[in-house]
Each structure stands twice: as C-alpha cells, then as structure tokens.
$ cat my_file.cif   # mmCIF, C-alpha atoms and all ligand atoms
data_my_file
#
loop_
_atom_site.label_atom_id
_atom_site.label_comp_id
_atom_site.auth_asym_id
_atom_site.auth_seq_id
_atom_site.Cartn_x
_atom_site.Cartn_y
_atom_site.Cartn_z
CA MET H 1 21.91 -7.14 -12.06
CA GLU H 2 23.08 -10.30 -10.36
CA ASP H 3 22.92 -13.59 -12.25
CA HIS H 4 20.02 -15.38 -10.58
CA THR H 5 19.42 -18.01 -13.23
CA SER H 6 22.13 -20.23 -11.72
CA LYS H 7 20.87 -19.78 -8.14
CA SER H 8 19.06 -22.50 -6.27
CA TYR H 9 15.29 -22.66 -6.12
CA SER H 10 13.65 -20.43 -3.48
CA THR H 11 10.10 -19.65 -2.46
CA PHE H 12 8.81 -16.16 -1.59
CA TYR H 13 5.72 -15.80 0.58
CA LEU H 14 2.88 -13.49 1.45
CA ILE H 15 1.99 -14.05 5.10
CA GLY H 16 -1.04 -12.68 6.96
CA ASN H 17 -4.69 -13.38 7.62
CA PRO H 18 -6.69 -13.31 5.39
CA VAL H 19 -4.57 -13.90 2.27
CA ALA H 20 -7.05 -15.85 0.15
CA HIS H 21 -7.88 -13.06 -2.32
CA SER H 22 -4.38 -11.71 -2.79
CA ILE H 23 -3.16 -11.63 -6.38
CA SER H 24 0.50 -11.21 -5.37
CA PRO H 25 1.36 -14.85 -6.29
CA GLN H 26 0.09 -14.35 -9.85
CA ILE H 27 2.00 -11.06 -10.22
CA PHE H 28 5.33 -12.31 -8.84
CA ASN H 29 5.15 -15.74 -10.49
CA ALA H 30 4.56 -14.05 -13.86
CA LEU H 31 7.78 -12.06 -13.30
CA PHE H 32 9.79 -15.11 -12.23
CA GLU H 33 8.58 -17.01 -15.27
CA HIS H 34 9.17 -14.09 -17.63
CA PHE H 35 12.79 -13.68 -16.48
CA HIS H 36 13.42 -17.46 -16.14
CA LEU H 37 14.24 -17.04 -12.45
CA PRO H 38 14.30 -20.20 -10.30
CA TYR H 39 11.77 -18.76 -7.82
CA ASN H 40 8.19 -19.21 -6.82
CA TYR H 41 5.74 -17.08 -4.76
CA THR H 42 2.95 -18.43 -2.63
CA LYS H 43 0.61 -17.22 0.11
CA MET H 44 0.48 -18.61 3.61
CA LEU H 45 -2.17 -17.95 6.24
CA VAL H 46 -0.28 -16.96 9.40
CA THR H 47 -1.78 -15.72 12.67
CA SER H 48 0.10 -13.44 15.11
CA GLN H 49 0.66 -16.38 17.50
CA LYS H 50 2.38 -18.42 14.79
CA LEU H 51 4.60 -15.57 13.59
CA PRO H 52 7.77 -16.33 15.66
CA ASP H 53 7.73 -20.01 14.56
CA ILE H 54 7.27 -19.08 10.91
CA LEU H 55 10.16 -16.60 11.04
CA ASN H 56 12.45 -19.30 12.48
CA THR H 57 11.38 -21.72 9.77
CA PHE H 58 12.02 -19.14 7.03
CA LYS H 59 15.49 -18.44 8.46
CA LYS H 60 16.33 -22.16 8.60
CA GLN H 61 15.08 -22.64 5.04
CA GLY H 62 17.24 -19.73 3.92
CA ILE H 63 14.50 -18.14 1.85
CA ILE H 64 15.25 -14.78 0.21
CA GLY H 65 12.24 -12.77 1.27
CA PHE H 66 8.52 -12.45 1.93
CA ASN H 67 5.66 -9.94 2.08
CA VAL H 68 3.58 -9.20 5.13
CA THR H 69 -0.06 -8.14 5.21
CA ILE H 70 -2.77 -7.50 7.83
CA PRO H 71 -2.78 -8.12 10.78
CA LEU H 72 1.01 -8.70 10.99
CA LYS H 73 2.46 -5.48 9.55
CA ASN H 74 3.05 -3.93 13.00
CA THR H 75 3.46 -7.09 15.10
CA ILE H 76 6.31 -8.40 12.94
CA MET H 77 8.49 -5.41 13.88
CA ASP H 78 9.06 -6.95 17.35
CA TYR H 79 10.64 -10.06 15.80
CA LEU H 80 12.93 -8.66 13.10
CA ASP H 81 16.71 -8.18 13.40
CA GLU H 82 16.69 -4.87 11.53
CA ILE H 83 14.06 -2.35 10.39
CA SER H 84 14.60 0.32 7.72
CA PRO H 85 14.14 3.99 8.71
CA ILE H 86 11.13 4.29 6.39
CA ALA H 87 9.36 1.30 8.00
CA LYS H 88 10.15 2.72 11.44
CA LYS H 89 8.61 6.04 10.43
CA ILE H 90 5.42 4.42 9.11
CA GLY H 91 5.36 1.94 11.99
CA ALA H 92 4.71 -0.97 9.64
CA VAL H 93 6.66 -3.53 7.60
CA ASN H 94 5.30 -4.98 4.36
CA SER H 95 8.46 -6.63 2.98
CA VAL H 96 11.19 -8.67 4.63
CA LYS H 97 14.53 -9.82 3.24
CA ILE H 98 16.67 -12.52 4.87
CA GLN H 99 20.39 -11.87 4.47
CA ASN H 100 23.11 -13.90 6.21
CA GLY H 101 20.47 -15.31 8.55
CA ARG H 102 19.23 -11.84 9.56
CA THR H 103 15.70 -10.62 8.92
CA ILE H 104 15.48 -7.05 7.57
CA GLY H 105 12.09 -5.35 7.30
CA THR H 106 11.09 -2.40 5.14
CA ASN H 107 7.97 -0.77 3.77
CA THR H 108 7.58 -0.36 0.01
CA ASP H 109 4.14 1.32 0.19
CA ILE H 110 5.63 4.83 0.15
CA GLN H 111 7.50 4.05 -3.08
CA GLY H 112 4.22 2.65 -4.40
CA ILE H 113 2.46 5.91 -3.53
CA GLN H 114 5.23 8.12 -4.92
CA ASN H 115 5.36 6.26 -8.25
CA SER H 116 1.56 6.36 -8.52
CA PHE H 117 1.56 10.16 -8.17
CA GLU H 118 4.45 10.54 -10.62
CA GLN H 119 2.83 8.25 -13.16
CA ALA H 120 -0.44 10.21 -12.95
CA GLY H 121 1.35 13.56 -13.31
CA TYR H 122 0.27 14.92 -9.92
CA VAL H 123 2.32 17.97 -8.93
CA HIS H 124 2.63 18.78 -5.22
CA GLN H 125 1.77 22.49 -4.81
CA VAL H 126 3.27 24.38 -1.88
CA ASN H 127 0.64 24.36 0.88
CA GLN H 128 -1.51 21.80 -0.89
CA GLN H 129 -4.74 20.91 0.91
CA VAL H 130 -5.18 17.16 1.30
CA VAL H 131 -8.00 15.14 2.82
CA LEU H 132 -7.04 11.66 3.97
CA VAL H 133 -9.93 9.32 4.81
CA GLY H 134 -8.77 6.51 7.11
CA SER H 135 -6.11 6.05 9.78
CA GLY H 136 -4.87 2.48 9.34
CA GLY H 137 -1.63 1.18 7.79
CA ALA H 138 -2.30 2.61 4.34
CA ALA H 139 -3.09 6.02 5.83
CA TYR H 140 0.19 5.97 7.82
CA ALA H 141 2.07 5.35 4.57
CA ALA H 142 0.18 8.16 2.80
CA ALA H 143 0.76 10.62 5.66
CA SER H 144 4.47 9.73 5.82
CA TYR H 145 4.77 10.28 2.09
CA LEU H 146 2.98 13.64 2.31
CA SER H 147 5.21 14.72 5.19
CA ASN H 148 7.90 15.49 2.58
CA TYR H 149 5.73 18.29 1.15
CA THR H 150 4.30 21.37 2.84
CA THR H 151 0.74 20.20 3.24
CA THR H 152 -2.37 21.07 5.19
CA LEU H 153 -3.74 17.64 5.94
CA SER H 154 -7.25 16.88 7.20
CA ILE H 155 -7.59 13.33 8.45
CA ILE H 156 -11.14 12.03 8.54
CA ASN H 157 -11.71 8.71 10.30
CA ARG H 158 -14.51 6.62 11.76
CA THR H 159 -12.63 6.39 15.08
CA LEU H 160 -11.32 9.85 15.91
CA GLU H 161 -8.83 8.45 18.44
CA ASN H 162 -7.06 6.49 15.67
CA ALA H 163 -6.76 9.63 13.56
CA GLU H 164 -5.29 11.46 16.58
CA ASN H 165 -2.77 8.64 17.04
CA LEU H 166 -1.69 9.05 13.42
CA ARG H 167 -1.38 12.82 13.94
CA ARG H 168 0.76 12.29 17.06
CA ASN H 169 3.00 9.85 15.19
CA MET H 170 3.55 12.40 12.41
CA VAL H 171 4.18 15.27 14.81
CA SER H 172 6.84 13.19 16.60
CA HIS H 173 9.03 13.42 13.48
CA PRO H 174 10.64 16.86 13.49
CA GLU H 175 11.32 16.90 9.72
CA ASN H 176 7.61 16.50 9.00
CA LYS H 177 6.18 19.35 6.86
CA VAL H 178 2.51 18.52 7.35
CA LYS H 179 0.01 20.45 9.47
CA ILE H 180 -2.68 18.02 10.57
CA THR H 181 -6.25 18.39 11.85
CA CYS H 182 -8.42 15.35 12.64
CA TYR H 183 -12.16 14.95 12.18
CA PRO H 184 -14.63 12.11 12.73
CA LEU H 185 -16.16 10.61 9.56
CA HIS H 186 -19.46 12.34 8.60
CA CYS H 187 -18.75 15.37 10.81
CA PRO H 188 -20.67 18.59 9.98
CA GLN H 189 -17.54 20.21 8.46
CA GLU H 190 -16.89 17.27 6.11
CA GLU H 191 -18.35 18.87 2.98
CA SER H 192 -16.46 22.16 3.37
CA ILE H 193 -13.20 20.31 4.09
CA LEU H 194 -13.68 18.22 0.95
CA GLU H 195 -14.64 21.33 -1.09
CA SER H 196 -11.32 23.02 -0.33
CA ALA H 197 -9.11 19.97 -0.99
CA ASP H 198 -6.64 19.76 -3.87
CA LEU H 199 -6.33 16.04 -3.29
CA ILE H 200 -8.61 13.48 -1.61
CA ILE H 201 -7.17 10.09 -0.62
CA ASN H 202 -9.25 7.10 0.39
CA ALA H 203 -7.26 4.83 2.72
CA THR H 204 -10.23 2.81 3.99
CA PRO H 205 -11.60 -0.42 2.50
CA ILE H 206 -14.93 1.32 1.75
CA GLY H 207 -15.89 0.49 -1.84
CA MET H 208 -13.81 -2.67 -1.99
CA TRP H 209 -15.23 -5.74 -3.71
CA PRO H 210 -17.74 -7.30 -2.92
CA GLN H 211 -19.09 -4.09 -1.31
CA SER H 212 -18.40 -2.06 -4.42
CA ASP H 213 -21.60 0.03 -4.13
CA TYR H 214 -20.20 2.10 -1.27
CA ASP H 215 -17.98 5.13 -1.35
CA PRO H 216 -16.18 6.78 1.57
CA ILE H 217 -17.34 10.32 0.83
CA ASP H 218 -20.93 9.58 -0.09
CA GLY H 219 -22.73 12.88 -0.66
CA TYR H 220 -19.72 14.72 -2.11
CA ILE H 221 -18.71 14.68 -5.76
CA PRO H 222 -15.11 15.76 -6.47
CA LYS H 223 -14.72 18.56 -9.01
CA GLN H 224 -12.63 19.25 -12.08
CA ASN H 225 -9.81 20.98 -10.19
CA GLN H 226 -9.49 18.13 -7.66
CA TRP H 227 -7.47 14.91 -7.59
CA VAL H 228 -8.77 11.68 -6.07
CA PHE H 229 -6.54 8.75 -5.12
CA ASP H 230 -8.38 5.60 -4.05
CA MET H 231 -6.05 3.05 -2.47
CA VAL H 232 -8.65 0.33 -2.99
CA TYR H 233 -7.59 -1.67 -6.07
CA ASN H 234 -10.43 -4.14 -6.35
CA PRO H 235 -12.43 -3.06 -8.31
CA ILE H 236 -9.82 -1.11 -10.28
CA GLU H 237 -12.40 1.61 -10.86
CA THR H 238 -14.21 2.06 -7.55
CA LYS H 239 -17.49 3.93 -7.14
CA LEU H 240 -15.47 6.87 -5.76
CA LEU H 241 -13.19 6.99 -8.81
CA ARG H 242 -16.11 6.56 -11.21
CA LYS H 243 -18.15 9.45 -9.86
CA SER H 244 -15.02 11.64 -9.61
CA LYS H 245 -14.03 10.94 -13.23
CA LEU H 246 -17.58 11.59 -14.45
CA ASN H 247 -17.42 15.05 -12.88
CA GLY H 248 -14.05 15.82 -14.47
CA ALA H 249 -11.80 15.22 -11.45
CA LYS H 250 -8.42 13.57 -12.02
CA THR H 251 -8.05 10.12 -10.53
CA ILE H 252 -5.38 7.66 -9.41
CA SER H 253 -6.25 4.00 -8.92
CA GLY H 254 -5.00 1.80 -6.08
CA LEU H 255 -3.86 -0.62 -8.78
CA ASP H 256 -0.84 1.59 -9.49
CA MET H 257 0.17 1.57 -5.82
CA LEU H 258 -0.27 -2.20 -5.69
CA ILE H 259 1.98 -2.69 -8.69
CA TYR H 260 4.67 -0.19 -7.70
CA GLN H 261 4.97 -1.38 -4.10
CA ALA H 262 5.35 -4.95 -5.38
CA ALA H 263 7.88 -3.81 -8.00
CA GLU H 264 9.92 -2.12 -5.28
CA ALA H 265 9.94 -5.32 -3.16
CA PHE H 266 11.04 -7.34 -6.21
CA ARG H 267 13.88 -4.91 -6.87
CA TRP H 268 14.93 -4.86 -3.19
CA TRP H 269 14.88 -8.65 -2.79
CA ILE H 270 16.83 -9.68 -5.86
CA ASP H 271 18.23 -6.46 -7.35
CA TRP H 272 16.39 -7.07 -10.62
CA VAL H 273 14.38 -4.56 -12.69
CA PRO H 274 10.74 -5.74 -12.89
CA ASN H 275 8.51 -5.55 -15.96
CA ILE H 276 5.78 -3.12 -14.87
CA GLU H 277 3.60 -3.66 -17.95
CA LEU H 278 3.55 -7.41 -17.36
CA MET H 279 2.68 -6.89 -13.69
CA LYS H 280 -0.23 -4.60 -14.61
CA HIS H 281 -1.50 -6.98 -17.26
CA VAL H 282 -1.49 -9.94 -14.85
CA ALA H 283 -3.11 -7.88 -12.08
CA VAL H 284 -5.94 -6.62 -14.30
CA GLN H 285 -6.58 -10.14 -15.60
CA ASN H 286 -6.73 -11.67 -12.13
CA LEU H 287 -8.77 -8.88 -10.53
CA SER H 288 -11.42 -9.28 -13.20
CA ILE H 289 -11.57 -13.02 -12.42
CA ILE H 290 -12.13 -12.29 -8.70
CA SER H 291 -14.85 -9.68 -9.34
CA SER H 292 -16.76 -12.07 -11.61
CA GLU H 293 -16.80 -14.85 -8.99
P1 LIG H 301 -6.45 -1.01 8.19
O1 LIG H 301 -5.12 -0.81 8.81
O2 LIG H 301 -7.34 -2.10 8.67
O3 LIG H 301 -7.25 0.40 8.34
C1 LIG H 301 -8.54 0.53 7.88
C2 LIG H 301 -9.01 1.98 8.00
O4 LIG H 301 -10.28 2.09 7.38
C3 LIG H 301 -9.19 2.46 9.43
O5 LIG H 301 -8.96 3.84 9.48
C4 LIG H 301 -10.66 2.16 9.69
O6 LIG H 301 -11.26 3.02 10.65
C5 LIG H 301 -11.27 2.45 8.35
N1 LIG H 301 -12.46 1.66 8.10
C6 LIG H 301 -12.52 0.30 7.95
N2 LIG H 301 -13.78 -0.08 7.70
C7 LIG H 301 -14.54 1.04 7.73
C8 LIG H 301 -15.92 1.29 7.55
N3 LIG H 301 -16.78 0.31 7.30
N4 LIG H 301 -16.35 2.56 7.63
C9 LIG H 301 -15.50 3.57 7.90
N5 LIG H 301 -14.16 3.40 8.09
C10 LIG H 301 -13.69 2.15 7.99
O7 LIG H 301 -6.33 -1.21 6.64
P2 LIG H 301 -5.19 -0.66 5.66
O8 LIG H 301 -4.10 -1.63 5.59
O9 LIG H 301 -4.90 0.74 6.03
O10 LIG H 301 -5.94 -0.71 4.25
C11 LIG H 301 -6.96 0.21 3.92
C12 LIG H 301 -7.34 0.01 2.46
O11 LIG H 301 -6.24 0.35 1.63
C13 LIG H 301 -7.71 -1.45 2.10
O12 LIG H 301 -8.77 -1.43 1.20
C14 LIG H 301 -6.47 -1.99 1.45
O13 LIG H 301 -6.76 -2.99 0.49
C15 LIG H 301 -5.96 -0.73 0.75
N6 LIG H 301 -4.52 -0.81 0.52
C16 LIG H 301 -4.10 -0.78 -0.76
C17 LIG H 301 -2.77 -0.85 -1.05
C18 LIG H 301 -2.34 -0.80 -2.48
O14 LIG H 301 -1.21 -1.21 -2.78
N7 LIG H 301 -3.17 -0.28 -3.37
C19 LIG H 301 -1.82 -0.98 -0.02
C20 LIG H 301 -2.27 -1.00 1.30
C21 LIG H 301 -3.64 -0.91 1.55
P3 LIG H 301 -11.15 2.78 12.23
O15 LIG H 301 -9.89 3.46 12.65
O16 LIG H 301 -12.37 3.40 12.75
O17 LIG H 301 -11.12 1.30 12.43
#
$ encode --input "my_file.cif" --output "structure tokens"
Amino acid sequence: MEDHTSKSYSTFYLIGNPVAHSISPQIFNALFEHFHLPYNYTKMLVTSQKLPDILNTFKKQGIIGFNVTIPLKNTIMDYLDEISPIAKKIGAVNSVKIQNGRTIGTNTDIQGIQNSFEQAGYVHQVNQQVVLVGSGGAAYAAASYLSNYTTTLSIINRTLENAENLRRNMVSHPENKVKITCYPLHCPQEESILESADLIINATPIGMWPQSDYDPIDGYIPKQNQWVFDMVYNPIETKLLRKSKLNGAKTISGLDMLIYQAAEAFRWWIDWVPNIELMKHVAVQNLSIISSE
C-alpha cells in the first residue's frame, strides 16, 4: 500500500442527478477518517449539459477520482480518455480515476455483484435458470456478470424493447455463455418462469424507499430452493426479500453490492484495502436515518 498520509488533501465526488439521498459520502468519509487519510468525499448535483465543464474542472484541480450515478453513467463514456474493458462491456461507468491528467473510467458494479454472491455462498450451477427483472444499468451489470456462467436467463422488463436491447448487447459479445429470452413485465408466462428459476434478481427500483410497500414480482412467493437477490438497498430488507425469507428462500441484499462496489472503487483509486465491516456499519446507520425521515 502506498503511503497516502503524507499526500496533499484531495476531494472525491459523487456526481449525478439526483444525489441527495446517497450515503456514499458517509461511507467513504468514515474510511478516510479511520485510516487517517487526507481525503474527503462529497456529492455534487451535475446535469448532462454540465458534465464536460465539470470534467475539465476536476482535471485542473488534479483530483484523484469520483463516482458517477444516474443519469450520467452512459453519457460520461463520450468524454473520458480511457474506458476499462469491463465498463465497455456493461456500457456504463460508475467510477473514474484521474492519472497524469487523463480520465480513466471503469465499472465496479460487477465486482460488487460477484462479492455479494460469494459472501452469501451462492454456487453457480451449470445451466442455472435466472430471472432478471429490469433492463437498466444495474441489469446490464448483472447480465454481464452472469455471462461468465452457463445460464438460461429470462429478462422481464416493463419496456420489452429495453430488454431486447440488453439481450442484443449481450449477444454481441462472443464469449458470453448466457442464453437469453425477454418478456414484458406481468406477461402470462411470468409465474411459470419464476417457478423454474434457481435465482431471481430484482434490478428495478420497485420496493425502494419511500415506496417500500411494492415488490417487483407481486403475486409470486419464492420457495425454499430458490435464491433472491434484490439490488435495492434502501430499505435493507425490502418487501421482496422479506416475503422470500419468510418462505424459506435464500436472500442477498443490495446493501452488500453497494458496499462491495464502493470498496472496489476505494481500492482502485488509492490502492488501499478498505474496512468492509466499518463500511457496512456506517451504511446501516445512515440508511436507518433516511428511512425514519
Ligand atoms: P435504471 O437504469 O433507471 O433502470 C431502471 C429499470 O427499472 C428499468 O428496466 C425500468 O424499466 C425499470 N423500472 C423503473 N421503474 C419501474 C416501475 N415503476 N415499474 C416497472 N419497472 C420499472 O436504474 P438502475 O441504475 O438500473 O437501478 C435499478 C435499481 O438498482 C435502483 O433501485 C438502484 O438503486 C439499484 N442499484 C443498486 C446498486 C447497489 O449497489 N446495490 C447499484 C446499482 C443500482 P423500463 O426499461 O421500462 O424503463
């Protein structure tokens, strides 16, 4: 690990719109404080129009890195000097590092997903059946991750065209091991598709605070032999996870993905091993503050 304690003060950012409810500043600032690093993390509301100006400012300031959230994860790719193969594959950047005046973009969501599965003890069976609800950025990351395993993937999405676009993107990568079929949300086959799944992933915001009374697969209750991964992390236990757990299904919370993707960015920016337990503790504390507002 490099000696950062003698380095000059630098600010890290989360840019996007909206950013108000992000708990990234609390998580990263707790790490900086814990390790006595001369850094600080803050959020900045940035629209697509302002993005080129902000990037120039960051370069001039010589900051080390920043995170990117909606709606800039795709747009930013047009303005970066370099993009990692993984971010190219997903088609989205969530972390940027500035090195020698050059902006380098990557995507740490896949690492977040992989570590979440490992932590939960999920074992990828050959020819696993997976249902992915959603076709936005999070779903692209999930599908890219699954493309490493022989998988029969059913993508269910409100807008069928968006699911088809995701399927086309996956098919365009020859190394992809996933066989994909797309369905519109609430289609007649939905129940039977869910019934035969080994793993169900929610990559929509359905069930997210303050609309915590909703669940993306209303009408289906996952069973004991099934796994459910909800990428929503606020609340930590969503309605989907609650009903799944009650019926004996195994669950993975979006909180793990949130922590592990942030941990990966931290490691990538400053080559420093993060304290995962501290990150989780701070996240849980701050999410409970938001949900009680
Ligand atoms: P996104 O790019 O905006 O995509 C949203 C997806 O959800 C789209 O497929 C959209 O369908 C669908 N959707 C949105 N509202 C819906 C509704 N009311 N009914 C049915 N479908 C709806 O968002 P994203 O970046 O993929 O994020 C999705 C969720 O994952 C968010 O809750 C986000 O917080 C979470 N997430 C978590 C992590 C983590 O670290 N845990 C990381 C990334 C994202 P259409 O195609 O029809 O618009």
$ residues_around --input "my_file.cif" --residues "range 62-67 of chain H" --least-positions-apart "6" --cutoff "7 Å" --atoms "all atoms listed in the file" --output "list in words"
Ser10, Thr11, Phe12, Tyr13, Leu14, Ile15, Asn94, Ser95, Val96, Lys97, Ile98 and Trp269 of chain H
$ atom_distance --input "my_file.cif" --atom1 "CA of Leu278 in chain H" --atom2 "CA of Tyr122 in chain H"
23.8 Å
$ atom_distance --input "my_file.cif" --atom1 "CA of Cys187 in chain H" --atom2 "atom O16 of ligand LIG 301 (chain H)"
13.7 Å
$ residues_near_point --input "my_file.cif" --point "(-5.4, -11.9, -3.5)" --cutoff "10 Å" --atoms "all atoms listed in the file" --output "list in words"
Leu14, Pro18, Val19, Ala20, His21, Ser22, Ile23, Ser24, Pro25, Gln26, Lys43, Asn234, Ala283, Asn286, Leu287 and Ile290 of chain H
$ closest_atom_pairs --input "my_file.cif" --of "chain H" --to "ligand LIG 301 (chain H)" --cutoff "7 Å" --atoms "only C-alpha atoms and all ligand atoms" --output "Markdown table"
| residue | atom | partner | partner_atom | distance |
| --- | --- | --- | --- | --- |
| H:Ile70 | CA | H:LIG301 | O8 | 6.4 |
| H:Asp109 | CA | H:LIG301 | C19 | 6.4 |
| H:Gly112 | CA | H:LIG301 | O14 | 6.9 |
| H:Gly134 | CA | H:LIG301 | O5 | 3.6 |
| H:Ser135 | CA | H:LIG301 | O5 | 3.6 |
| H:Gly136 | CA | H:LIG301 | O3 | 3.3 |
| H:Gly137 | CA | H:LIG301 | O9 | 3.7 |
| H:Ala138 | CA | H:LIG301 | O9 | 3.6 |
| H:Ala139 | CA | H:LIG301 | O9 | 5.6 |
| H:Asn157 | CA | H:LIG301 | O5 | 5.7 |
| H:Arg158 | CA | H:LIG301 | O16 | 4.0 |
| H:Thr159 | CA | H:LIG301 | O16 | 3.8 |
| H:Asn162 | CA | H:LIG301 | O15 | 5.1 |
| H:Ala163 | CA | H:LIG301 | O15 | 7.0 |
| H:Ala203 | CA | H:LIG301 | O11 | 4.7 |
| H:Thr204 | CA | H:LIG301 | O4 | 3.5 |
| H:Pro205 | CA | H:LIG301 | O12 | 3.3 |
| H:Ile206 | CA | H:LIG301 | C8 | 5.9 |
| H:Met208 | CA | H:LIG301 | O12 | 6.1 |
| H:Met231 | CA | H:LIG301 | N7 | 4.5 |
| H:Val232 | CA | H:LIG301 | O12 | 4.5 |
| H:Tyr233 | CA | H:LIG301 | N7 | 5.4 |
| H:Gly254 | CA | H:LIG301 | N7 | 3.9 |
| H:Leu255 | CA | H:LIG301 | N7 | 5.5 |
| H:Asp256 | CA | H:LIG301 | N7 | 6.8 |
| H:Met257 | CA | H:LIG301 | O14 | 4.3 |
| H:Leu258 | CA | H:LIG301 | O14 | 3.2 |
| H:Ile259 | CA | H:LIG301 | O14 | 6.9 |
| H:Gln261 | CA | H:LIG301 | O14 | 6.3 |
$ residues_around --input "my_file.cif" --residues "Gln49 in chain H" --least-positions-apart "3" --cutoff "12 Å" --atoms "all atoms listed in the file" --output "PyMOL selection string"
chain H and resi 16-17+45-46+52-55+71-72+75-76+79
$ write_last_selection --input "my_file.cif" --atoms "C-alpha atoms" --output "PDB file, in the frame of the given file"
ATOM      1  CA  GLY H  16      -1.040 -12.680   6.960  1.00  0.00           C
ATOM      2  CA  ASN H  17      -4.690 -13.380   7.620  1.00  0.00           C
ATOM      3  CA  LEU H  45      -2.170 -17.950   6.240  1.00  0.00           C
ATOM      4  CA  VAL H  46      -0.280 -16.960   9.400  1.00  0.00           C
ATOM      5  CA  PRO H  52       7.770 -16.330  15.660  1.00  0.00           C
ATOM      6  CA  ASP H  53       7.730 -20.010  14.560  1.00  0.00           C
ATOM      7  CA  ILE H  54       7.270 -19.080  10.910  1.00  0.00           C
ATOM      8  CA  LEU H  55      10.160 -16.600  11.040  1.00  0.00           C
ATOM      9  CA  PRO H  71      -2.780  -8.120  10.780  1.00  0.00           C
ATOM     10  CA  LEU H  72       1.010  -8.700  10.990  1.00  0.00           C
ATOM     11  CA  THR H  75       3.460  -7.090  15.100  1.00  0.00           C
ATOM     12  CA  ILE H  76       6.310  -8.400  12.940  1.00  0.00           C
ATOM     13  CA  TYR H  79      10.640 -10.060  15.800  1.00  0.00           C
TER      14      TYR H  79
END
$ closest_residue --input "my_file.cif" --among "H:Glu277, H:Ser8, H:Leu31, H:Leu146" --to "Gln61 in chain H" --atoms "all atoms listed in the file"
H:Ser8
$ atom_distance --input "my_file.cif" --atom1 "CA of Glu195 in chain H" --atom2 "CA of Asp230 in chain H"
17.2 Å
$ closest_residue --input "my_file.cif" --among "H:Ala142, H:Val284, H:Ile104, H:Val273" --to "Phe35 in chain H" --atoms "only C-alpha atoms"
H:Val273
$ closest_residue --input "my_file.cif" --among "H:Ile201, H:Val126, H:Leu166, H:Ile270" --to "Cys182 in chain H" --atoms "only C-alpha atoms"
H:Leu166
$ closest_residue --input "my_file.cif" --among "H:Pro188, H:Ala143, H:Ala30, H:Leu37" --to "Trp272 in chain H" --atoms "all atoms listed in the file"
H:Leu37
$ decode --input "my_file.cif" --residues "range 41-97 of chain H" --atoms "C-alpha atoms" --output "mmCIF file, in the first residue's frame"
data_model
loop_
_atom_site.group_PDB
_atom_site.id
_atom_site.type_symbol
_atom_site.label_atom_id
_atom_site.label_comp_id
_atom_site.auth_asym_id
_atom_site.auth_seq_id
_atom_site.Cartn_x
_atom_site.Cartn_y
_atom_site.Cartn_z
ATOM 1 C CA TYR H 41 -15.839 12.754 -0.257
ATOM 2 C CA THR H 42 -18.788 14.886 -1.215
ATOM 3 C CA LYS H 43 -21.738 14.767 -3.612
ATOM 4 C CA MET H 44 -22.349 17.206 -6.416
ATOM 5 C CA LEU H 45 -25.513 17.587 -8.478
ATOM 6 C CA VAL H 46 -24.391 17.538 -12.120
ATOM 7 C CA THR H 47 -26.636 17.505 -15.196
ATOM 8 C CA SER H 48 -25.560 16.014 -18.558
ATOM 9 C CA GLN H 49 -25.087 19.519 -20.017
ATOM 10 C CA LYS H 50 -22.639 20.472 -17.270
ATOM 11 C CA LEU H 51 -20.614 17.261 -17.495
ATOM 12 C CA PRO H 52 -17.825 18.433 -19.890
ATOM 13 C CA ASP H 53 -17.176 21.566 -17.758
ATOM 14 C CA ILE H 54 -17.055 19.553 -14.549
ATOM 15 C CA LEU H 55 -14.588 17.068 -16.046
ATOM 16 C CA ASN H 56 -12.287 19.933 -17.074
ATOM 17 C CA THR H 57 -12.504 21.427 -13.601
ATOM 18 C CA PHE H 58 -11.689 18.067 -11.975
ATOM 19 C CA LYS H 59 -8.674 17.642 -14.272
ATOM 20 C CA LYS H 60 -7.405 21.155 -13.468
ATOM 21 C CA GLN H 61 -7.890 20.550 -9.746
ATOM 22 C CA GLY H 62 -5.947 17.300 -10.052
ATOM 23 C CA ILE H 63 -8.430 15.308 -8.001
ATOM 24 C CA ILE H 64 -7.816 11.566 -7.650
ATOM 25 C CA GLY H 65 -11.209 10.197 -8.574
ATOM 26 C CA PHE H 66 -15.000 10.334 -8.463
ATOM 27 C CA ASN H 67 -18.130 8.194 -8.727
ATOM 28 C CA VAL H 68 -20.832 8.594 -11.322
ATOM 29 C CA THR H 69 -24.526 7.848 -10.908
ATOM 30 C CA ILE H 70 -27.744 8.255 -12.943
ATOM 31 C CA PRO H 71 -28.224 9.781 -15.492
ATOM 32 C CA LEU H 72 -24.509 10.159 -16.351
ATOM 33 C CA LYS H 73 -23.234 6.564 -16.295
ATOM 34 C CA ASN H 74 -23.517 6.166 -20.091
ATOM 35 C CA THR H 75 -23.102 9.793 -21.188
ATOM 36 C CA ILE H 76 -19.751 10.162 -19.419
ATOM 37 C CA MET H 77 -18.197 7.494 -21.660
ATOM 38 C CA ASP H 78 -18.098 10.022 -24.543
ATOM 39 C CA TYR H 79 -15.866 12.372 -22.522
ATOM 40 C CA LEU H 80 -13.309 10.042 -20.943
ATOM 41 C CA ASP H 81 -9.747 9.442 -22.194
ATOM 42 C CA GLU H 82 -9.835 5.715 -21.438
ATOM 43 C CA ILE H 83 -12.502 3.138 -20.558
ATOM 44 C CA SER H 84 -11.820 -0.273 -18.990
ATOM 45 C CA PRO H 85 -12.924 -3.397 -20.912
ATOM 46 C CA ILE H 86 -15.463 -4.229 -18.186
ATOM 47 C CA ALA H 87 -17.101 -0.779 -18.392
ATOM 48 C CA LYS H 88 -17.166 -1.073 -22.190
ATOM 49 C CA LYS H 89 -18.903 -4.433 -21.906
ATOM 50 C CA ILE H 90 -21.546 -3.128 -19.498
ATOM 51 C CA GLY H 91 -21.831 0.138 -21.412
ATOM 52 C CA ALA H 92 -21.645 2.181 -18.217
ATOM 53 C CA VAL H 93 -19.029 3.836 -15.988
ATOM 54 C CA ASN H 94 -19.558 4.248 -12.242
ATOM 55 C CA SER H 95 -16.007 5.168 -11.163
ATOM 56 C CA VAL H 96 -13.398 7.453 -12.693
ATOM 57 C CA LYS H 97 -9.733 7.887 -11.793
#
